[in-house]
Amino acid sequence: MGVKSTISMTREQAEEHFTTLYLQHGDIQSLIRAKAASMADDELGKDLERLNDIASGGEGFESYRIHDE
């Protein structure tokens, strides 16, 4: 077992390093699902609309209303 070293970095560097490592080795789907689960219904609907617009190359022509089952 090796000895760990301590690396000092700025907050910006730490966030960038975290992002890189998470994209390479993390469970992205679980992270995104947890973010969606923490959003209020109206916020989730607006983000769905925004992401759908991006996925559609500009304007997706859909809006979303979230409701209980």
# chains A, B, ... in the order shown; residues from 1 in each chain; ligands from 1

$ residues_around --residues "A:Glu49" --least-positions-apart "6" --cutoff "8 Å" --atoms "only C-alpha atoms" --output "ChimeraX atom specification"
/A:60,62-64

$ write_last_selection --atoms "all heavy atoms" --output "PDB file, in the first residue's frame"
ATOM      1  N   GLY A  60     -37.339  23.620 -29.775  1.00  0.00           N
ATOM      2  CA  GLY A  60     -37.920  22.288 -29.762  1.00  0.00           C
ATOM      3  C   GLY A  60     -39.435  22.267 -29.827  1.00  0.00           C
ATOM      4  O   GLY A  60     -40.049  21.241 -30.051  1.00  0.00           O
ATOM      5  N   GLU A  62     -41.684  22.336 -27.621  1.00  0.00           N
ATOM      6  CA  GLU A  62     -42.392  21.678 -26.538  1.00  0.00           C
ATOM      7  C   GLU A  62     -42.173  22.437 -25.245  1.00  0.00           C
ATOM      8  O   GLU A  62     -41.129  23.018 -25.023  1.00  0.00           O
ATOM      9  CB  GLU A  62     -41.920  20.228 -26.325  1.00  0.00           C
ATOM     10  CG  GLU A  62     -42.362  19.252 -27.375  1.00  0.00           C
ATOM     11  CD  GLU A  62     -41.356  19.117 -28.508  1.00  0.00           C
ATOM     12  OE1 GLU A  62     -40.216  19.579 -28.369  1.00  0.00           O
ATOM     13  OE2 GLU A  62     -41.746  18.553 -29.537  1.00  0.00           O
ATOM     14  N   SER A  63     -43.190  22.425 -24.421  1.00  0.00           N
ATOM     15  CA  SER A  63     -43.054  22.881 -23.047  1.00  0.00           C
ATOM     16  C   SER A  63     -43.504  21.721 -22.167  1.00  0.00           C
ATOM     17  O   SER A  63     -44.154  20.789 -22.643  1.00  0.00           O
ATOM     18  CB  SER A  63     -43.880  24.144 -22.775  1.00  0.00           C
ATOM     19  OG  SER A  63     -45.245  23.884 -23.003  1.00  0.00           O
ATOM     20  N   TYR A  64     -43.146  21.761 -20.901  1.00  0.00           N
ATOM     21  CA  TYR A  64     -43.408  20.624 -20.028  1.00  0.00           C
ATOM     22  C   TYR A  64     -44.098  21.089 -18.757  1.00  0.00           C
ATOM     23  O   TYR A  64     -43.764  22.130 -18.195  1.00  0.00           O
ATOM     24  CB  TYR A  64     -42.080  19.936 -19.641  1.00  0.00           C
ATOM     25  CG  TYR A  64     -41.358  19.382 -20.858  1.00  0.00           C
ATOM     26  CD1 TYR A  64     -40.496  20.174 -21.603  1.00  0.00           C
ATOM     27  CD2 TYR A  64     -41.556  18.074 -21.250  1.00  0.00           C
ATOM     28  CE1 TYR A  64     -39.837  19.668 -22.718  1.00  0.00           C
ATOM     29  CE2 TYR A  64     -40.901  17.550 -22.365  1.00  0.00           C
ATOM     30  CZ  TYR A  64     -40.044  18.370 -23.094  1.00  0.00           C
ATOM     31  OH  TYR A  64     -39.413  17.854 -24.194  1.00  0.00           O
TER      32      TYR A  64
END

$ select_by_dssp --residues "chain A" --states "helix (DSSP H, G or I)" --output "PyMOL selection string"
chain A and resi 11-25+28-38+41-55

$ atom_distance --atom1 "atom CA of A:Glu15" --atom2 "atom CA of A:Asp27"
16.7 Å

$ atom_distance --atom1 "atom CA of A:Arg65" --atom2 "atom CA of A:Asp42"
7.3 Å

$ closest_residue --among "A:His67, A:Ile28, A:Thr20, A:Asn52" --to "A:Ala40" --atoms "only C-alpha atoms"
A:His67

$ atom_distance --atom1 "atom CA of A:His17" --atom2 "atom CA of A:Lys35"
19.9 Å
